[in-house]
>>> print(open('work11.txt').read())   # compact mmCIF, C-alpha atoms
# COMPACT_ATOMS: atom_id res chain seq x y z
CA MET T 63 -31.02 -26.32 32.75
CA ALA T 64 -30.34 -23.15 30.74
CA GLU T 65 -28.16 -20.53 32.36
CA THR T 66 -30.14 -17.55 33.66
CA PRO T 67 -29.18 -14.31 31.83
CA ARG T 68 -27.62 -11.58 33.90
CA GLY T 69 -29.85 -8.70 34.97
CA GLY T 70 -30.44 -6.05 32.34
CA LEU T 71 -29.79 -8.56 29.52
CA ALA T 72 -26.05 -7.97 29.84
CA GLN T 73 -24.10 -10.02 27.27
CA VAL T 74 -27.33 -11.33 25.71
CA VAL T 75 -27.40 -10.89 21.92
CA ALA T 76 -30.86 -9.56 21.06
CA ALA T 77 -30.40 -8.67 17.38
CA SER T 78 -27.92 -8.63 14.53
CA THR T 79 -26.81 -5.32 13.08
CA ALA T 80 -24.42 -4.01 10.44
CA LEU T 81 -24.67 -0.44 11.74
CA SER T 82 -22.27 -0.19 14.66
CA ASP T 83 -20.15 -2.36 16.89
CA VAL T 84 -18.93 -1.73 20.42
CA ASP T 85 -15.97 -3.67 21.79
CA GLY T 86 -15.80 -2.86 25.48
CA LYS T 87 -12.53 -4.67 26.17
CA ALA T 88 -10.67 -2.96 23.33
CA ALA T 89 -12.47 0.39 23.88
CA ARG T 90 -13.48 0.39 20.24
CA LEU T 91 -16.50 1.88 18.48
CA VAL T 92 -17.15 1.14 14.80
CA TYR T 93 -19.73 2.63 12.39
CA ARG T 94 -20.35 0.31 9.42
CA GLY T 95 -16.77 -0.96 9.47
CA TYR T 96 -15.10 2.41 10.17
CA ASN T 97 -13.35 2.90 13.51
CA ILE T 98 -14.56 6.06 15.22
CA HIS T 99 -10.91 7.19 15.33
CA ASP T 100 -10.98 7.23 11.53
CA LEU T 101 -14.15 9.33 11.39
CA ALA T 102 -14.07 11.81 14.30
CA GLY T 103 -13.09 15.26 13.12
CA ARG T 104 -12.91 14.09 9.49
CA ILE T 105 -16.53 13.73 8.38
CA SER T 106 -19.52 16.00 8.74
CA PHE T 107 -22.71 14.87 10.44
CA GLU T 108 -24.39 14.77 7.03
CA GLU T 109 -21.74 12.32 5.83
CA CYS T 110 -22.38 10.25 8.95
CA VAL T 111 -26.12 10.24 8.23
CA HIS T 112 -25.43 8.95 4.73
CA LEU T 113 -23.12 6.27 6.10
CA LEU T 114 -25.64 5.00 8.66
CA GLN T 115 -28.85 5.34 6.66
CA ARG T 116 -27.54 4.45 3.20
CA GLY T 117 -24.60 2.19 3.96
CA ALA T 118 -21.56 4.08 2.69
CA LEU T 119 -19.68 7.35 2.97
CA PRO T 120 -21.00 9.59 0.21
CA THR T 121 -19.28 10.92 -2.86
CA GLN T 122 -19.39 14.71 -3.20
CA GLU T 123 -22.36 14.41 -5.56
CA GLN T 124 -24.22 12.15 -3.12
CA LEU T 125 -23.43 14.50 -0.23
CA ASP T 126 -24.75 17.50 -2.17
CA GLU T 127 -27.94 15.56 -2.96
CA LEU T 128 -28.37 14.54 0.69
CA ARG T 129 -27.91 18.11 1.89
CA ALA T 130 -30.51 19.30 -0.60
CA GLU T 131 -32.92 16.60 0.61
CA LEU T 132 -32.33 17.58 4.23
CA ALA T 133 -32.95 21.25 3.49
CA ALA T 134 -36.18 20.39 1.68
CA SER T 135 -37.33 18.13 4.54
CA ARG T 136 -36.92 20.42 7.56
CA GLY T 137 -40.30 22.15 7.35
CA ILE T 138 -42.69 21.08 10.11
CA GLY T 139 -46.35 20.35 9.49
CA ALA T 140 -49.64 21.91 10.55
CA ALA T 141 -50.33 19.50 13.42
CA VAL T 142 -46.93 20.20 14.98
CA GLU T 143 -47.33 23.95 14.47
CA LYS T 144 -50.65 23.84 16.28
CA THR T 145 -49.34 21.75 19.18
CA LEU T 146 -45.97 23.41 19.69
CA PRO T 147 -47.16 26.43 21.76
CA LEU T 148 -49.05 24.16 24.14
CA VAL T 149 -46.22 21.71 24.84
CA ALA T 150 -43.65 24.51 25.01
CA SER T 151 -45.63 26.26 27.74
CA SER T 152 -46.24 23.21 29.90
CA GLY T 153 -43.75 20.45 29.10
CA THR T 154 -40.13 19.80 29.92
CA PRO T 155 -37.91 19.63 26.83
CA MET T 156 -37.97 15.85 26.46
CA GLU T 157 -41.70 15.64 27.25
CA ALA T 158 -42.42 18.28 24.64
CA LEU T 159 -40.14 16.83 21.98
CA ARG T 160 -41.32 13.28 22.54
CA SER T 161 -44.87 14.54 21.95
CA LEU T 162 -43.90 16.57 18.88
CA ILE T 163 -42.16 13.60 17.29
CA SER T 164 -45.29 11.51 17.79
CA ILE T 165 -47.51 14.24 16.36
CA SER T 166 -45.19 14.61 13.36
CA SER T 167 -46.56 11.34 12.04
CA ILE T 168 -49.90 13.06 11.40
CA ASP T 169 -48.18 15.42 8.96
CA ASP T 170 -46.10 12.77 7.18
CA PRO T 171 -47.63 11.36 3.99
CA ASP T 172 -45.54 8.21 4.41
CA ALA T 173 -46.50 7.64 8.05
CA ALA T 174 -48.32 4.33 7.53
CA ASP T 175 -45.96 3.02 4.83
CA SER T 176 -43.04 0.95 6.13
CA SER T 177 -41.65 -0.02 2.75
CA PRO T 178 -37.89 0.53 2.34
CA ARG T 179 -38.29 3.67 0.20
CA ALA T 180 -40.91 5.22 2.48
CA ASN T 181 -38.80 4.41 5.53
CA GLN T 182 -35.80 6.10 3.94
CA ARG T 183 -37.84 9.25 3.27
CA LYS T 184 -39.19 9.28 6.83
CA ALA T 185 -35.75 8.66 8.27
CA LEU T 186 -34.30 11.67 6.49
CA ARG T 187 -37.25 13.87 7.49
CA LEU T 188 -36.78 12.96 11.12
CA VAL T 189 -33.05 13.79 10.98
CA ALA T 190 -33.86 17.10 9.28
CA GLN T 191 -36.72 18.07 11.57
CA MET T 192 -35.34 17.09 14.98
CA PRO T 193 -32.95 20.08 15.27
CA VAL T 194 -35.72 22.37 14.00
CA LEU T 195 -38.11 21.08 16.66
CA VAL T 196 -35.57 21.69 19.41
CA ALA T 197 -34.93 25.24 18.18
CA ARG T 198 -38.63 25.98 17.76
CA TYR T 199 -39.36 24.64 21.24
CA GLN T 200 -36.64 26.84 22.73
CA ALA T 201 -37.95 29.90 20.90
CA ALA T 202 -41.56 29.22 21.90
CA ARG T 203 -40.79 28.88 25.59
CA THR T 204 -38.55 31.97 25.67
CA GLY T 205 -40.69 34.18 23.46
CA ARG T 206 -37.92 34.67 20.90
CA SER T 207 -38.07 34.38 17.14
CA VAL T 208 -36.04 31.74 15.33
CA PRO T 209 -33.48 32.96 12.79
CA ASP T 210 -33.99 31.72 9.26
CA PRO T 211 -31.64 28.87 8.35
CA ASP T 212 -28.42 29.83 6.62
CA PRO T 213 -28.19 27.94 3.29
CA PHE T 214 -24.41 27.84 3.66
CA LEU T 215 -24.61 26.03 7.00
CA GLY T 216 -25.42 22.38 7.62
CA ILE T 217 -27.29 20.78 10.51
CA ALA T 218 -24.63 21.64 13.11
CA GLY T 219 -24.20 25.27 12.10
CA ASN T 220 -27.89 26.01 11.71
CA PHE T 221 -28.68 24.42 15.05
CA LEU T 222 -26.20 26.68 16.85
CA LEU T 223 -27.49 29.70 14.92
CA ARG T 224 -31.10 29.00 15.81
CA ILE T 225 -30.45 28.16 19.46
CA THR T 226 -28.08 31.04 20.29
CA GLY T 227 -29.36 33.62 17.81
CA LYS T 228 -25.79 34.29 16.66
CA HIS T 229 -23.81 33.05 13.69
CA PRO T 230 -21.34 30.48 14.99
CA SER T 231 -17.70 30.59 14.02
CA GLU T 232 -16.38 28.05 11.56
CA ARG T 233 -14.56 26.28 14.36
CA GLN T 234 -17.64 26.18 16.61
CA VAL T 235 -19.55 24.53 13.76
CA ALA T 236 -16.76 21.98 13.26
CA ILE T 237 -16.69 21.18 16.98
CA PHE T 238 -20.45 20.65 17.18
CA ASP T 239 -20.37 18.62 13.96
CA GLU T 240 -17.82 16.34 15.59
CA CYS T 241 -20.01 15.97 18.67
CA LEU T 242 -22.96 14.92 16.51
CA VAL T 243 -20.83 12.30 14.76
CA LEU T 244 -19.57 10.92 18.08
CA HIS T 245 -23.12 10.48 19.40
CA ALA T 246 -24.73 9.20 16.18
CA ASP T 247 -24.98 5.50 17.04
CA HIS T 248 -23.87 3.11 19.73
CA SER T 249 -25.03 -0.40 19.00
CA MET T 250 -27.79 -1.81 21.23
CA ASN T 251 -28.05 0.96 23.83
CA SER T 252 -31.30 1.36 25.76
CA SER T 253 -33.07 3.77 23.40
CA THR T 254 -31.98 1.92 20.26
CA PHE T 255 -33.09 -1.40 21.72
CA THR T 256 -36.43 0.19 22.59
CA ALA T 257 -36.83 1.45 19.02
CA ARG T 258 -36.03 -2.00 17.61
CA VAL T 259 -38.47 -3.76 19.93
CA VAL T 260 -41.27 -1.49 18.73
CA ALA T 261 -40.19 -1.79 15.08
CA ALA T 262 -40.10 -5.58 15.44
CA THR T 263 -43.87 -5.59 16.01
CA LEU T 264 -44.06 -4.01 12.53
CA SER T 265 -45.23 -0.78 14.08
CA ASP T 266 -44.29 2.36 12.16
CA MET T 267 -41.11 4.41 12.42
CA TYR T 268 -42.72 7.27 14.36
CA SER T 269 -43.94 4.88 17.05
CA ALA T 270 -40.46 3.37 17.36
CA ILE T 271 -38.73 6.77 17.53
CA THR T 272 -41.25 8.12 20.06
CA ALA T 273 -40.49 5.12 22.26
CA ALA T 274 -36.76 5.71 21.85
CA MET T 275 -37.25 9.31 22.98
CA GLY T 276 -38.95 8.02 26.11
CA ALA T 277 -36.00 5.76 26.88
CA LEU T 278 -33.50 8.55 26.22
CA ARG T 279 -35.23 10.78 28.75
CA GLY T 280 -34.06 8.59 31.63
CA PRO T 281 -31.19 9.93 33.78
CA LEU T 282 -29.24 6.69 33.34
CA HIS T 283 -29.20 7.18 29.57
CA GLY T 284 -29.46 10.52 27.73
CA GLY T 285 -30.31 12.54 30.82
CA ALA T 286 -26.85 11.91 32.27
CA ASN T 287 -25.28 14.83 30.39
CA GLU T 288 -27.62 17.30 32.07
CA ALA T 289 -26.85 15.77 35.45
CA VAL T 290 -23.12 16.19 34.79
CA MET T 291 -23.53 19.90 34.08
CA LYS T 292 -25.57 20.41 37.24
CA THR T 293 -22.83 18.65 39.21
CA LEU T 294 -20.16 20.92 37.73
CA GLN T 295 -22.24 23.97 38.63
CA GLN T 296 -22.85 22.71 42.17
CA ILE T 297 -19.16 22.02 42.80
CA GLY T 298 -18.27 25.46 41.50
CA SER T 299 -14.47 25.40 41.84
CA VAL T 300 -11.49 23.14 41.24
CA ALA T 301 -10.52 23.38 44.90
CA ALA T 302 -13.86 21.91 45.98
CA VAL T 303 -13.76 18.88 43.69
CA GLU T 304 -12.01 16.29 45.85
CA ALA T 305 -14.03 16.89 49.00
CA GLU T 306 -17.33 17.05 47.13
CA VAL T 307 -16.71 13.88 45.10
CA LYS T 308 -15.71 11.93 48.20
CA ALA T 309 -18.70 13.26 50.15
CA ARG T 310 -21.07 12.16 47.42
CA LEU T 311 -19.49 8.73 47.24
CA ASP T 312 -19.67 8.40 51.03
CA ARG T 313 -23.41 9.10 50.79
CA GLY T 314 -23.71 6.32 48.23
CA GLU T 315 -24.49 8.72 45.39
CA LYS T 316 -23.63 7.94 41.78
CA ILE T 317 -21.21 10.35 40.10
CA MET T 318 -22.93 10.95 36.79
CA GLY T 319 -20.77 10.75 33.68
CA PHE T 320 -18.53 7.96 34.98
CA GLY T 321 -18.55 4.25 34.30
CA HIS T 322 -20.10 2.39 31.40
CA ARG T 323 -21.98 -0.88 31.04
CA VAL T 324 -19.74 -1.93 28.12
CA TYR T 325 -16.49 0.07 28.16
CA LYS T 326 -14.32 -1.04 31.07
CA THR T 327 -11.03 0.52 30.00
CA GLY T 328 -12.34 3.86 28.79
CA ASP T 329 -14.82 5.25 26.28
CA PRO T 330 -13.06 6.04 22.96
CA ARG T 331 -15.28 9.08 22.40
CA VAL T 332 -14.00 10.77 25.55
CA THR T 333 -10.61 11.46 24.00
CA TYR T 334 -12.22 13.80 21.46
CA LEU T 335 -14.72 15.43 23.80
CA ARG T 336 -12.03 16.17 26.38
CA GLN T 337 -9.90 17.84 23.70
CA LEU T 338 -12.88 19.82 22.37
CA SER T 339 -13.80 20.98 25.87
CA GLY T 340 -10.24 22.21 26.42
CA GLU T 341 -10.19 23.97 23.06
CA LEU T 342 -13.45 25.76 23.78
CA ALA T 343 -12.15 26.79 27.20
CA GLU T 344 -9.24 28.52 25.46
CA MET T 345 -11.50 30.05 22.80
CA THR T 346 -13.96 31.51 25.30
CA GLY T 347 -11.43 32.42 27.98
CA ASP T 348 -13.55 30.56 30.55
CA ARG T 349 -11.78 27.44 31.81
CA LEU T 350 -13.89 26.83 34.92
CA TYR T 351 -15.99 23.84 33.87
CA TYR T 352 -13.19 22.27 31.85
CA ASP T 353 -10.78 22.51 34.78
CA ILE T 354 -13.37 21.15 37.21
CA SER T 355 -14.01 18.28 34.80
CA CYS T 356 -10.33 17.42 34.51
CA ARG T 357 -9.93 17.39 38.28
CA MET T 358 -13.06 15.27 38.69
CA GLU T 359 -11.69 12.76 36.21
CA GLN T 360 -8.52 12.44 38.30
CA VAL T 361 -10.34 12.12 41.63
CA VAL T 362 -12.95 9.59 40.47
CA LYS T 363 -10.29 7.48 38.77
CA GLN T 364 -8.13 7.47 41.94
CA THR T 365 -11.08 6.87 44.28
CA LYS T 366 -13.31 4.48 42.34
CA GLY T 367 -11.24 3.35 39.38
CA LEU T 368 -13.92 4.60 36.99
CA TYR T 369 -13.36 6.29 33.63
CA PRO T 370 -15.52 9.11 32.23
CA ASN T 371 -18.08 8.22 29.59
CA VAL T 372 -19.39 10.17 26.60
CA ASP T 373 -21.72 12.29 28.74
CA PHE T 374 -19.02 13.73 30.96
CA TYR T 375 -17.07 16.11 28.74
CA ALA T 376 -20.04 16.60 26.41
CA ALA T 377 -21.58 18.70 29.18
CA SER T 378 -18.83 21.33 29.26
CA VAL T 379 -18.62 21.32 25.44
CA TYR T 380 -22.32 22.06 25.02
CA SER T 381 -22.23 24.69 27.74
CA ALA T 382 -19.33 26.48 26.05
CA LEU T 383 -21.26 26.44 22.76
CA GLY T 384 -24.11 28.33 24.41
CA ILE T 385 -26.62 25.47 24.58
CA PRO T 386 -28.95 25.60 27.63
CA THR T 387 -28.39 22.75 30.06
CA ASP T 388 -31.90 21.31 29.80
CA LEU T 389 -31.43 20.98 26.03
CA PHE T 390 -28.40 18.67 26.35
CA THR T 391 -30.55 15.54 26.10
CA PRO T 392 -32.48 16.89 23.09
CA VAL T 393 -29.09 17.55 21.46
CA PHE T 394 -28.30 13.88 22.04
CA ALA T 395 -31.54 13.08 20.21
CA VAL T 396 -30.61 15.37 17.30
CA SER T 397 -27.54 13.20 16.76
CA ARG T 398 -28.93 9.79 17.69
CA MET T 399 -31.88 10.24 15.33
CA SER T 400 -29.51 9.14 12.57
CA GLY T 401 -28.79 5.89 14.39
CA TRP T 402 -32.33 5.21 15.61
CA THR T 403 -33.86 5.60 12.16
CA SER T 404 -31.18 3.40 10.63
CA HIS T 405 -31.90 0.67 13.17
CA VAL T 406 -35.64 0.85 12.51
CA MET T 407 -35.01 0.46 8.78
CA GLU T 408 -32.65 -2.45 9.42
CA GLN T 409 -35.19 -4.14 11.70
CA HIS T 410 -37.98 -3.77 9.15
CA ARG T 411 -35.82 -5.15 6.33
CA ASP T 412 -35.16 -8.46 8.12
CA ASN T 413 -37.70 -8.66 10.88
CA ARG T 414 -38.28 -11.08 13.67
CA LEU T 415 -40.40 -10.27 16.70
CA ILE T 416 -38.19 -9.50 19.72
CA ARG T 417 -39.75 -11.44 22.55
CA PRO T 418 -37.29 -12.40 25.32
CA ASP T 419 -38.18 -14.87 28.03
CA SER T 420 -38.12 -14.04 31.74
CA GLU T 421 -37.33 -15.86 34.96
CA TYR T 422 -40.34 -16.07 37.24
CA ILE T 423 -39.37 -15.38 40.87
CA GLY T 424 -42.84 -15.07 42.41
CA GLU T 425 -44.73 -17.44 44.67
CA ARG T 426 -46.14 -20.75 43.41
CA GLY T 427 -48.98 -23.04 44.45
CA ARG T 428 -51.31 -20.33 45.77
CA GLN T 429 -55.03 -21.16 45.68
CA TRP T 430 -58.08 -18.98 45.32
CA ALA T 431 -60.38 -18.43 48.30
CA PRO T 432 -63.72 -16.57 48.52
CA ILE T 433 -63.30 -12.89 49.42
CA GLU T 434 -65.10 -13.28 52.76
CA THR T 435 -62.51 -15.81 53.92
CA ARG T 436 -59.34 -13.93 52.92
>>> encode(input="work11.txt", output="structure tokens")
Amino acid sequence: MAETPRGGLAQVVAASTALSDVDGKAARLVYRGYNIHDLAGRISFEECVHLLQRGALPTQEQLDELRAELAASRGIGAAVEKTLPLVASSGTPMEALRSLISISSIDDPDAADSSPRANQRKALRLVAQMPVLVARYQAARTGRSVPDPDPFLGIAGNFLLRITGKHPSERQVAIFDECLVLHADHSMNSSTFTARVVAATLSDMYSAITAAMGALRGPLHGGANEAVMKTLQQIGSVAAVEAEVKARLDRGEKIMGFGHRVYKTGDPRVTYLRQLSGELAEMTGDRLYYDISCRMEQVVKQTKGLYPNVDFYAASVYSALGIPTDLFTPVFAVSRMSGWTSHVMEQHRDNRLIRPDSEYIGERGRQWAPIETR
């Protein structure tokens, strides 16, 4: 008799990929053969997009071409323009953006074409347009105008410009660029798996990415970073950390931003996000959330033996960069769009329907009876 898989498909290999590899025991994350420690702080997000979508780190000429393609691809279409005011007035960020991504397919001339070249064009458009959609949504719901993009800034810099309304410093751009690289892909996480399941039916890229957005919205996936920030705000001071953490644990509550389904000895991305959070605390002169985070890390480790995950210090980093808390998960999507689209392309290139089995645990042997006798 075959062994029953563990709940949540833990340790079950559902697909093969050349995009990224996660080694939980060694606390190692790899993008196309490059250890994240070799990439973080050294490559731009655009370079990361080229690596994931096109298979290699770009030459300077290739990077210039990619940046030109991204700049030419960031305009949004008529259907999105028409829908944006409605969803901005009535939807939460992830509800609105999930809808806008789906509607974007109406404006894409390649929407129904899943050939490799068409997929590559769609993939780049989605990477280019996702930060624009987030900025346009924010502007629409707040009644502000969106600054024109700065041709001298890339995705990271223009996103900060359009969200905050102020030109970011060179270092702020570099910090956010690093965050986007760190979040770009993570093997078979929930949203990526969702995208691949949809793509495996030979549905189109927009359907797969819309489904991924739905998975990311969940508080146990992308929504965790928002929950972390709310926790930091609720605790309010370093002195209150220990008592509040222990009280929450005593009530059986989960401390968001800690623990990971794969990493058991620490998330390698945390090292960078912790450092970036501390650097921003010094830059802004406001250490509150960084200091609370550091104390929480100590208390949770001592009390539960859990390490922080990528969501934990990302919260204080994004806050210090001036990003509204309810846009933290959309920021995750801005980055992860590079990974999602790459996985959809990979699935389409060598496709097999993803159709796992299940273990039936319901009753057996029941027999029908007329309704008057039930």
>>> atom_distance(input="work11.txt", atom1="CA of Val393 in chain T", atom2="CA of Ala257 in chain T")
18.0 Å
>>> residues_around(input="work11.txt", residues="range 194-207 of chain T", least_positions_apart="5", cutoff="6 Å", atoms="all atoms listed in the file", output="mmCIF file with C-alpha atoms, keeping the file's coordinate frame")
data_model
loop_
_atom_site.group_PDB
_atom_site.id
_atom_site.type_symbol
_atom_site.label_atom_id
_atom_site.label_comp_id
_atom_site.auth_asym_id
_atom_site.auth_seq_id
_atom_site.Cartn_x
_atom_site.Cartn_y
_atom_site.Cartn_z
ATOM 1 C CA ALA T 150 -43.650 24.510 25.010
ATOM 2 C CA SER T 151 -45.630 26.260 27.740
ATOM 3 C CA ARG T 224 -31.100 29.000 15.810
ATOM 4 C CA ILE T 225 -30.450 28.160 19.460
#
>>> closest_residue(input="work11.txt", among="T:Leu132, T:Glu344, T:Ser253, T:Ser381", to="Pro213 in chain T", atoms="only C-alpha atoms")
T:Leu132
>>> atom_distance(input="work11.txt", atom1="CA of Gly285 in chain T", atom2="CA of Arg336 in chain T")
19.2 Å
>>> atom_distance(input="work11.txt", atom1="CA of Asn371 in chain T", atom2="CA of Asn220 in chain T")
27.1 Å
>>> residues_around(input="work11.txt", residues="Asn287 in chain T", least_positions_apart="5", cutoff="9 Å", atoms="only C-alpha atoms", output="list in words")
Pro281, Lys292, Met318, Gly319, Val372, Asp373, Phe374, Tyr375, Ala376, Ala377, Thr387, Phe390, Thr391 and Phe394 of chain T
>>> residues_around(input="work11.txt", residues="Gly328 in chain T", least_positions_apart="2", cutoff="9 Å", atoms="all atoms listed in the file", output="ChimeraX atom specification")
/T:86-89,321-322,325-326,330-332,368-371
>>> residues_near_point(input="work11.txt", point="(-26.7, 10.5, 8.1)", cutoff="12 Å", atoms="only C-alpha atoms", output="PyMOL selection string")
chain T and resi 81+93+105-120+124-125+128-129+131-132+182+185-190+216-217+239+242-243+245-247+396-404
>>> closest_residue(input="work11.txt", among="T:Cys241, T:Ala158, T:Val84, T:Leu146", to="Met275 in chain T", atoms="all atoms listed in the file")
T:Ala158
>>> closest_residue(input="work11.txt", among="T:Ala289, T:Leu342, T:Ala273, T:Ile168", to="Val259 in chain T", atoms="all atoms listed in the file")
T:Ala273
>>> closest_residue(input="work11.txt", among="T:Ala286, T:Ala395, T:Ala382, T:Ala102", to="Gln191 in chain T", atoms="all atoms listed in the file")
T:Ala395
>>> residues_near_point(input="work11.txt", point="(-46.7, 16.0, 13.1)", cutoff="12 Å", atoms="all atoms listed in the file", output="VMD selection string")
chain T and resid 137 to 146 159 to 173 184 187 to 188 191 to 192 195 268 272
>>> closest_residue(input="work11.txt", among="T:Ser355, T:Thr226, T:Thr256, T:Ser378", to="Glu288 in chain T", atoms="all atoms listed in the file")
T:Ser378
>>> axis_aligned_box(input="work11.txt", around="range 281-290 of chain T", padding_each_side="5 Å", output="lines of an AutoDock Vina configuration file")
center_x = -27.2
center_y = 12.0
center_z = 31.6
size_x = 18.1
size_y = 20.6
size_z = 17.7
>>> residues_around(input="work11.txt", residues="Tyr96 in chain T", least_positions_apart="4", cutoff="10 Å", atoms="all atoms listed in the file", output="number ranges by chain")
T: 82-83, 91-92, 100-101, 113, 119
